[in-house]
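**Q** So I've got this file, query_22.cif, and it contains mmCIF, C-alpha atoms:
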```cif
data_structure
#
loop_
_atom_site.label_atom_id
_atom_site.label_comp_id
_atom_site.auth_asym_id
_atom_site.auth_seq_id
_atom_site.Cartn_x
_atom_site.Cartn_y
_atom_site.Cartn_z
CA MET A 1 122.12 110.55 111.29
CA ASN A 2 122.28 114.31 111.15
CA GLU A 3 123.67 116.85 113.63
CA LYS A 4 120.36 117.40 115.43
CA GLU A 5 119.78 113.69 115.93
CA ILE A 6 123.30 113.16 117.26
CA ALA A 7 122.89 116.13 119.63
CA GLU A 8 119.58 114.69 120.86
CA ILE A 9 121.22 111.39 121.81
CA ARG A 10 124.26 113.13 123.31
CA ARG A 11 121.96 114.96 125.71
CA ARG A 12 120.97 111.58 127.12
CA PHE A 13 124.38 111.19 128.74
CA ASN A 14 123.80 112.90 132.04
CA PRO A 15 122.44 111.33 135.24
CA GLU A 16 119.10 113.16 135.06
CA ARG A 17 118.17 112.06 131.53
CA SER A 18 119.82 108.71 131.05
CA ASN A 19 118.25 105.30 131.60
CA ILE A 20 121.72 103.74 131.69
CA THR A 21 121.82 101.88 135.00
CA ALA A 22 125.10 99.99 134.57
CA ILE A 23 128.28 99.94 132.51
CA HIS A 24 129.57 96.58 131.29
CA GLY A 25 133.00 95.96 129.91
CA CYS A 26 136.35 94.25 130.05
CA TYR A 27 140.02 95.12 130.37
CA VAL A 28 142.16 93.85 127.47
CA SER A 29 145.92 93.51 127.88
CA GLY A 30 148.55 94.51 125.34
CA GLN A 31 148.70 90.81 124.39
CA ARG A 32 144.99 90.96 123.39
CA GLU A 33 143.83 88.86 126.33
CA ILE A 34 140.90 89.66 128.62
CA VAL A 35 142.33 90.29 132.09
CA SER A 36 139.05 91.11 133.83
CA ARG A 37 135.36 91.68 133.18
CA PHE A 38 133.06 94.01 135.06
CA GLY A 39 129.50 95.25 135.38
CA GLN A 40 129.42 98.48 137.35
CA SER A 41 126.18 99.93 138.67
CA LEU A 42 125.69 103.66 138.21
CA ALA A 43 122.82 103.82 140.68
CA SER A 44 125.14 103.21 143.65
CA ALA A 45 128.01 105.38 142.33
CA ALA A 46 128.68 108.93 143.45
CA GLN A 47 127.22 111.58 141.15
CA GLU A 48 130.65 112.92 140.11
CA GLU A 49 131.79 109.41 139.21
CA THR A 50 128.60 108.76 137.23
CA GLU A 51 129.03 112.03 135.35
CA SER A 52 132.65 111.16 134.51
CA ILE A 53 131.69 107.70 133.18
CA LEU A 54 128.85 109.09 131.07
CA SER A 55 131.17 111.83 129.79
CA VAL A 56 133.65 109.22 128.53
CA LEU A 57 130.86 107.35 126.73
CA LYS A 58 129.49 110.57 125.23
CA ARG A 59 132.86 111.22 123.57
CA SER A 60 131.99 108.41 121.14
CA LEU A 61 129.24 110.68 119.78
CA SER A 62 131.46 113.75 119.34
CA GLY A 63 133.18 115.27 116.36
CA THR A 64 132.15 116.27 112.85
CA LEU A 65 130.01 114.22 110.49
CA GLY A 66 132.15 112.92 107.67
CA ARG A 67 135.33 113.25 109.72
CA GLN A 68 135.18 111.64 113.18
CA LEU A 69 131.61 110.39 112.75
CA ASN A 70 130.52 108.22 109.82
CA ASP A 71 127.70 105.85 108.95
CA ILE A 72 128.24 102.11 108.85
CA VAL A 73 125.69 100.77 106.35
CA PHE A 74 124.64 97.11 106.39
CA ASP A 75 123.24 95.65 103.19
CA THR A 76 119.92 93.77 103.10
CA ARG A 77 121.65 90.38 103.11
CA GLN A 78 123.43 91.22 106.37
CA VAL A 79 120.26 92.46 108.05
CA VAL A 80 118.33 89.35 107.03
CA ASP A 81 120.97 86.81 108.01
CA SER A 82 124.54 87.57 109.09
CA GLU A 83 126.57 86.76 112.19
CA GLU A 84 127.64 90.37 112.78
CA HIS A 85 124.12 91.83 112.59
CA ARG A 86 122.53 89.03 114.66
CA LEU A 87 125.06 89.69 117.42
CA LEU A 88 124.32 93.42 117.53
CA MET A 89 120.54 92.91 117.51
CA ALA A 90 120.72 90.26 120.23
CA LEU A 91 123.02 92.44 122.33
CA ARG A 92 120.57 95.35 122.09
CA ASP A 93 117.51 93.22 122.80
CA SER A 94 119.14 91.49 125.80
CA GLY A 95 119.81 94.76 127.60
CA LEU A 96 123.40 93.48 128.15
CA LYS A 97 122.05 90.92 130.65
CA ASP A 98 123.17 87.86 128.68
CA GLU A 99 126.79 87.09 129.66
CA GLY A 100 127.25 84.75 126.72
CA LEU A 101 126.34 87.51 124.27
CA THR A 102 128.60 90.10 125.89
CA GLU A 103 131.46 87.59 125.90
CA ALA A 104 130.93 86.88 122.19
CA PHE A 105 130.91 90.63 121.59
CA TYR A 106 134.21 91.16 123.46
CA GLN A 107 135.90 88.36 121.51
CA ARG A 108 134.74 89.72 118.17
CA VAL A 109 136.05 93.19 119.06
CA ILE A 110 139.44 91.81 120.16
CA GLU A 111 139.79 89.65 117.04
CA SER A 112 138.96 92.61 114.76
CA LEU A 113 140.91 95.42 116.41
CA THR A 114 144.62 96.21 116.16
CA MET A 115 145.65 98.59 118.93
CA GLU A 116 148.92 99.03 120.80
CA GLY A 117 148.79 98.66 124.55
CA PRO A 118 145.93 97.76 126.88
CA TYR A 119 142.43 99.12 126.50
CA LEU A 120 138.91 98.97 127.94
CA ILE A 121 135.82 97.89 126.04
CA LEU A 122 132.87 99.78 127.55
CA LEU A 123 129.24 98.92 126.80
CA ALA A 124 126.09 100.84 127.72
CA HIS A 125 122.42 100.14 127.04
CA ASP A 126 119.75 102.84 126.99
CA LYS A 127 116.00 103.12 126.33
CA TYR A 128 114.89 106.54 125.16
CA ASP A 129 111.21 107.54 125.14
CA VAL A 130 111.39 109.77 122.10
CA PRO A 131 109.25 112.87 122.70
CA TYR A 132 106.65 113.63 120.10
CA LYS A 133 107.28 116.81 118.14
CA ALA A 134 104.57 118.98 116.63
CA ARG A 135 104.66 120.18 113.04
CA ASP A 136 106.43 123.36 114.09
CA GLY A 137 109.20 121.25 115.65
CA ALA A 138 108.29 122.14 119.24
CA PRO A 139 108.71 119.14 121.59
CA ASN A 140 105.76 117.82 123.58
CA PRO A 141 107.17 116.35 126.82
CA ASP A 142 103.79 114.82 127.70
CA GLY A 143 103.68 112.60 124.64
CA SER A 144 105.98 109.92 123.20
CA CYS A 145 105.65 108.29 119.82
CA ASP A 146 108.44 105.70 120.02
CA VAL A 147 110.98 104.02 122.28
CA PHE A 148 114.51 104.03 120.89
CA THR A 149 116.62 101.21 122.35
CA TYR A 150 120.32 101.16 121.56
CA VAL A 151 123.77 100.11 122.70
CA LEU A 152 126.85 102.31 122.75
CA CYS A 153 130.38 100.92 122.68
CA SER A 154 133.49 102.93 123.56
CA ILE A 155 137.00 101.53 123.23
CA CYS A 156 139.40 103.48 125.46
CA PRO A 157 143.18 103.12 125.67
CA VAL A 158 144.53 102.65 129.21
CA LYS A 159 147.74 104.50 130.09
CA GLU A 160 150.14 103.62 132.91
CA THR A 161 151.20 106.51 135.13
CA LYS A 162 154.80 106.93 136.30
CA PRO A 163 155.82 106.60 139.95
CA ALA A 164 156.22 110.00 141.60
CA LEU A 165 156.34 111.77 144.91
CA ARG A 166 153.06 113.11 146.26
CA TYR A 167 151.95 115.07 149.29
CA ASP A 168 149.37 113.37 151.52
CA VAL A 169 147.32 116.22 153.02
CA PRO A 170 145.50 114.24 155.77
CA GLU A 171 148.75 112.66 156.96
CA SER A 172 150.90 115.77 156.29
CA ILE A 173 153.67 113.68 154.77
CA ILE A 174 155.51 113.30 151.47
CA CYS A 175 155.30 109.76 150.12
CA ASN A 176 155.51 107.73 146.91
CA ARG A 177 152.57 107.60 144.52
CA ASP A 178 151.93 104.10 143.25
CA VAL A 179 151.71 103.28 139.57
CA ASP A 180 148.13 103.68 138.38
CA TRP A 181 146.12 103.01 135.22
CA LEU A 182 144.23 105.93 133.67
CA ILE A 183 141.36 105.65 131.17
CA SER A 184 141.98 107.80 128.08
CA PRO A 185 139.22 109.24 125.86
CA PRO A 186 137.82 106.71 123.36
CA GLU A 187 139.96 105.83 120.39
CA LEU A 188 136.90 104.51 118.57
CA GLY A 189 133.34 103.50 119.26
CA PHE A 190 129.89 103.10 117.76
CA MET A 191 126.17 103.29 118.44
CA PHE A 192 123.72 100.66 117.15
CA PRO A 193 121.19 101.07 115.71
CA ALA A 194 121.37 104.54 114.20
CA PHE A 195 118.83 107.20 115.21
CA ASP A 196 117.52 108.27 111.79
CA ASP A 197 114.40 110.42 111.47
CA ARG A 198 114.25 110.13 115.28
CA ALA A 199 113.67 106.37 115.10
CA ALA A 200 115.73 103.19 115.02
CA ASN A 201 117.42 102.32 111.73
CA ILE A 202 118.79 98.77 112.02
CA TYR A 203 120.47 99.10 108.63
CA ASN A 204 122.93 101.65 110.03
CA ALA A 205 125.33 102.17 112.91
CA LEU A 206 127.07 105.45 113.79
CA TYR A 207 130.84 104.92 113.91
CA TYR A 208 133.30 107.16 115.79
CA THR A 209 137.06 107.45 115.43
CA ARG A 210 139.19 109.96 117.29
CA LYS A 211 141.83 110.28 114.57
CA THR A 212 140.96 111.66 111.14
CA ASP A 213 143.97 109.96 109.56
CA ASP A 214 143.23 106.46 110.89
CA ASN A 215 139.67 105.15 111.23
CA HIS A 216 140.84 101.61 112.09
CA PRO A 217 139.76 100.04 108.80
CA GLU A 218 140.69 96.58 110.11
CA PHE A 219 138.00 96.93 112.78
CA ILE A 220 135.33 98.16 110.35
CA GLU A 221 136.05 95.28 108.01
CA GLY A 222 136.49 92.62 110.70
CA PHE A 223 133.69 93.56 113.09
CA PHE A 224 130.99 94.97 110.79
CA ASN A 225 132.03 93.08 107.65
CA VAL A 226 131.66 96.22 105.49
CA GLU A 227 134.10 98.06 103.24
CA PRO A 228 135.95 100.75 105.25
CA SER A 229 135.52 104.33 104.08
CA MET A 230 138.56 106.45 103.31
CA PRO A 231 139.75 108.45 106.36
CA ALA A 232 139.11 112.20 106.19
CA ASP A 233 142.80 113.15 105.98
CA MET A 234 143.37 110.64 103.20
CA GLN A 235 140.43 112.11 101.29
CA HIS A 236 142.15 115.50 101.52
CA GLU A 237 145.46 114.18 100.17
CA THR A 238 143.78 112.12 97.44
CA PHE A 239 141.71 115.10 96.31
CA LYS A 240 144.89 117.18 95.91
CA GLU A 241 146.45 114.42 93.80
CA VAL A 242 143.32 114.22 91.61
CA LEU A 243 143.41 117.98 91.02
CA VAL A 244 147.10 118.07 90.09
CA GLU A 245 146.97 115.01 87.83
CA SER A 246 143.79 116.00 85.97
CA LEU A 247 144.29 119.75 85.61
CA GLU A 248 148.05 119.51 84.84
CA GLU A 249 149.31 122.95 83.69
CA GLU A 250 145.92 124.52 84.48
CA CYS A 251 146.32 123.76 88.18
CA SER A 252 147.37 127.36 88.76
CA TYR A 253 147.38 129.41 91.93
CA ASN A 254 144.40 131.48 90.76
CA VAL A 255 142.30 128.40 89.94
CA VAL A 256 143.05 126.68 93.26
CA GLN A 257 142.46 129.90 95.20
CA GLU A 258 139.10 130.47 93.52
CA LEU A 259 138.05 126.84 94.07
CA GLN A 260 138.98 127.18 97.74
CA GLY A 261 136.89 130.34 97.95
CA ARG A 262 133.84 128.74 96.32
CA LEU A 263 133.98 125.70 98.60
CA THR A 264 134.46 127.88 101.68
CA GLU A 265 131.47 129.99 100.64
CA LEU A 266 129.40 126.81 100.20
CA VAL A 267 130.32 125.67 103.72
CA GLU A 268 129.42 129.08 105.20
CA GLU A 269 126.05 129.15 103.40
CA HIS A 270 125.23 125.67 104.69
CA LYS A 271 126.18 126.68 108.22
CA ALA A 272 124.03 129.83 108.01
CA SER A 273 121.06 127.82 106.76
CA LYS A 274 121.22 125.68 109.94
CA ASN A 275 120.44 122.62 107.87
CA PRO A 276 121.20 119.61 110.13
CA GLU A 277 121.89 117.31 107.17
CA PRO A 278 125.61 116.97 106.35
CA LEU A 279 126.87 118.97 103.36
CA THR A 280 128.46 116.98 100.52
CA VAL A 281 129.73 117.78 97.04
CA SER A 282 129.76 115.45 94.05
CA LYS A 283 132.14 115.22 91.10
CA ASN A 284 129.64 117.15 88.98
CA THR A 285 129.37 119.99 91.50
CA LEU A 286 133.16 120.22 91.70
CA GLY A 287 133.43 119.98 87.90
CA ARG A 288 131.05 122.93 87.46
CA MET A 289 133.07 124.92 89.98
CA LEU A 290 136.26 124.24 88.04
CA GLU A 291 134.59 125.31 84.80
CA ALA A 292 133.51 128.56 86.51
CA CYS A 293 137.16 129.02 87.54
CA GLY A 294 138.11 128.99 83.84
CA VAL A 295 139.38 125.39 83.53
CA ALA A 296 139.06 123.92 80.04
CA PRO A 297 136.21 121.39 79.48
CA GLU A 298 138.60 118.54 78.65
CA LYS A 299 140.41 119.10 81.94
CA THR A 300 137.21 119.14 83.98
CA GLU A 301 136.13 115.92 82.27
CA ALA A 302 139.50 114.36 83.17
CA PHE A 303 138.91 115.54 86.75
CA ARG A 304 135.51 113.82 86.90
CA GLU A 305 137.00 110.56 85.63
CA LYS A 306 139.87 110.59 88.14
CA PHE A 307 137.49 111.60 90.94
CA ASP A 308 135.34 108.56 90.08
CA GLU A 309 138.37 106.28 90.20
CA ALA A 310 139.63 107.67 93.50
CA PHE A 311 136.33 107.93 95.40
CA ASP A 312 134.07 105.42 93.60
CA GLY A 313 131.86 108.29 92.48
CA GLY A 314 130.79 109.13 96.04
CA ALA A 315 129.95 112.58 97.35
CA LEU A 316 132.37 114.03 99.92
CA SER A 317 132.30 116.63 102.65
CA PRO A 318 133.92 119.93 101.51
CA GLY A 319 135.61 120.11 104.91
CA ASN A 320 137.58 116.98 103.98
CA LEU A 321 138.76 118.48 100.68
CA ILE A 322 139.97 121.88 101.85
CA SER A 323 140.85 123.63 105.07
CA THR A 324 138.13 126.17 105.85
CA LYS A 325 140.20 127.61 108.73
CA GLU A 326 143.31 128.77 106.88
CA MET A 327 145.08 128.96 103.52
CA VAL A 328 148.67 127.75 103.58
CA ILE A 329 151.07 128.77 100.82
CA GLU A 330 154.45 127.07 100.96
CA ALA A 331 157.71 127.55 99.10
CA PRO A 332 161.08 125.92 99.92
CA ASN A 333 162.01 128.62 102.45
CA VAL A 334 158.72 130.42 103.11
CA THR A 335 155.31 129.53 104.59
CA ILE A 336 152.40 131.96 104.43
CA LYS A 337 149.19 131.36 106.38
CA VAL A 338 146.08 133.36 105.55
CA ASP A 339 142.46 133.37 106.71
CA PRO A 340 140.43 131.94 103.76
CA GLU A 341 138.19 135.02 103.87
CA CYS A 342 141.25 137.17 103.15
CA GLY A 343 142.51 135.15 100.20
CA ASP A 344 142.22 138.20 97.93
CA LEU A 345 145.18 139.74 99.80
CA ILE A 346 147.49 137.30 97.99
CA GLU A 347 148.62 137.73 94.40
CA THR A 348 151.19 136.02 92.24
CA ARG A 349 153.43 137.97 89.86
CA THR A 350 156.28 137.23 87.48
CA ILE A 351 158.71 140.15 87.39
CA ASP A 352 161.85 140.06 85.24
CA GLY A 353 161.41 136.30 84.87
CA ARG A 354 161.19 135.68 88.62
CA ARG A 355 158.08 134.47 90.45
CA TYR A 356 156.78 136.46 93.41
CA ILE A 357 154.02 136.00 95.97
CA MET A 358 152.60 139.44 96.76
CA VAL A 359 150.80 140.03 100.08
CA ARG A 360 148.76 143.22 100.33
CA VAL A 361 149.16 144.57 103.85
CA GLU A 362 146.33 146.16 105.79
CA GLY A 363 146.90 147.48 109.31
CA ASP A 364 150.01 147.24 111.49
CA ILE A 365 152.97 144.98 110.76
CA GLU A 366 154.97 143.05 113.34
CA PHE A 367 158.46 141.62 112.89
CA ASN A 368 159.28 139.02 115.57
CA GLY A 369 156.66 140.66 117.79
CA LEU A 370 157.94 144.20 117.13
CA ASN A 371 155.77 146.86 115.49
CA VAL A 372 157.61 148.10 112.39
CA GLN A 373 156.92 150.79 109.82
CA PHE A 374 157.12 150.68 106.02
CA GLU A 375 159.79 152.84 104.51
CA SER A 376 158.50 155.64 102.31
CA PRO A 377 159.39 155.65 98.59
CA GLU A 378 161.83 158.51 99.23
CA GLN A 379 163.65 156.47 101.90
CA GLU A 380 163.80 153.47 99.56
#
```
How does the structure come out when it is put into structure tokens?
**A**
Amino acid sequence: MNEKEIAEIRRRFNPERSNITAIHGCYVSGQREIVSRFGQSLASAAQEETESILSVLKRSLSGTLGRQLNDIVFDTRQVVDSEEHRLLMALRDSGLKDEGLTEAFYQRVIESLTMEGPYLILLAHDKYDVPYKARDGAPNPDGSCDVFTYVLCSICPVKETKPALRYDVPESIICNRDVDWLISPPELGFMFPAFDDRAANIYNALYYTRKTDDNHPEFIEGFFNVEPSMPADMQHETFKEVLVESLEEECSYNVVQELQGRLTELVEEHKASKNPEPLTVSKNTLGRMLEACGVAPEKTEAFREKFDEAFDGGALSPGNLISTKEMVIEAPNVTIKVDPECGDLIETRTIDGRRYIMVRVEGDIEFNGLNVQFESPEQE
């Protein structure tokens, strides 16, 4: 799925557009036991309550592609005949009306997931009459070319509140507030099938994880029976290791700074193009960038080999390899943070055998929040 397709499905999650009539789910204790099951109608709920429930579900379609949102890809064997795919297809086709199927689904989730504390498994079913779009991309609300039927699952931690004093306005008294259980935003979730080319793709599911350093690989492997992808934060750390090990003495400040600049520029160009497809870079693209930064051919070849070993030759999102929001330069007693667009303000020098980081200053300078002036050469 691309950004436009995800946004199109996200817009479904409001009372006016959604065909979701009920939310099904169960409450799972910290001991991984189902305490209760429920099927809550949205038609009879207050509008504010309905909006809040749909908002929680919509969070499982939020985030950045390649970071919080990733594709789960089933192989042909699984689609033809596998327990995990049959369950998902049957769940979608049943409209969540088969209690035996939903129970089997809950048990498979619980068996696959490792999570501390209690949580809710929420399930929604929706049918979307996909509007036909003309060649110029303009939607035609009077025509529909397909019906996209899907299920969305959100797994939300449940937090216990602490007892406290509260003020009861109607009674005009101060009294104790009982312990309550609050639903947190989803920790993980998924949509099946994927909405690719504005149609159902039963070979894919869209997987969501709130944390970029932990995508719950045990759940991906146990529930979907596919190899978990490397979390975004781990990709970042692994990429740094690959650079250092392959470039060795050529992993200089200037090379890394220029590589950061080229990747940042690539991200900005992709954003300006408004291309909804996610941007990725391969080992060859990165290798050519390193060569343009002046790295020797044998080092760039070593980089490609180590990149292959670390990432199985896959293409990665540049946003997972570098920080496009800031440059951080650290020494034992100093940390310097710079906007990537202002990276040319930083220079490195060796003076009298000592290494220096030089920061060219433009505009006012503050010291602990105080405006200070540079001393003139005569004063120095």
**Q** If you measure from CA of Ser41 in chain A to CA of Asp178 in chain A, what distance in Å do you get, rounded to one decimal?
**A**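 It comes out at 26.5 Å.
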**Q** Around range 351-362 of chain A, fit a box with edges along x, y and z, padding it by 8 Å on each side, then list its centre and edge lengths in Å to one decimal as JSON.
**A**
```
{"center_x": 154.1, "center_y": 140.3, "center_z": 95.3, "size_x": 31.5, "size_y": 27.7, "size_z": 36.9}
```
**Q** Decode the PyMOL selection byres ((chain A and resi 234-238) around 7) for the given file into explicit residues and return them as an NGL selection string.
**A** :A and (213 or 230-233 or 239-242 or 320-322)
**Q** Which one is closest to Leu259 in chain A: A:Ile6, A:Leu286, A:Met115, A:Val147? Count only C-alpha atoms.
**A**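 Once distances to Leu259 in chain A are computed over only C-alpha atoms, the minimum belongs to A:Leu286.
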**Q** Convert the output of the PyMOL selection byres ((chain A and resi 284) around 12) on the shown file into explicit residues, formatted as a PyMOL selection string.
**A** chain A and resi 280-283+285-291+300-305+307-308+313-316
**Q** Do a neighbour search on range 65-70 of chain A at 7 Å with all atoms listed in the file, toss out local chain neighbours closer than 2 positions, and write the hits as number ranges by chain.
**A** A: 63, 72, 206-212, 232, 278, 317
**Q** Residues around (120.2, 114.2, 113.8), cut-off 12 Å, counting all atoms listed in the file - what are they as a list in words?
**A**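 Taken together, the residues in range are Met1, Asn2, Glu3, Lys4, Glu5, Ile6, Ala7, Glu8, Ile9, Arg10, Leu61, Leu65, Ala194, Phe195, Asp196, Asp197, Arg198, Ala199, Ala200, Leu206, Asn275, Pro276, Glu277 and Pro278 of chain A.
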**Q** Of the residues A:Leu188, A:Ile183, A:Ser82, A:Ser246, which is the one nearest to Glu309 in chain A, using all atoms listed in the file?
**A** A:Ser246
**Q** Applying the PyMOL selection byres ((chain A and resi 253) around 12) to the file I just gave you, which residues come out? Please list them as a PyMOL selection string.
**A** chain A and resi 244+247+249-252+254-260+293+327-330+343-344+346-349+355-357
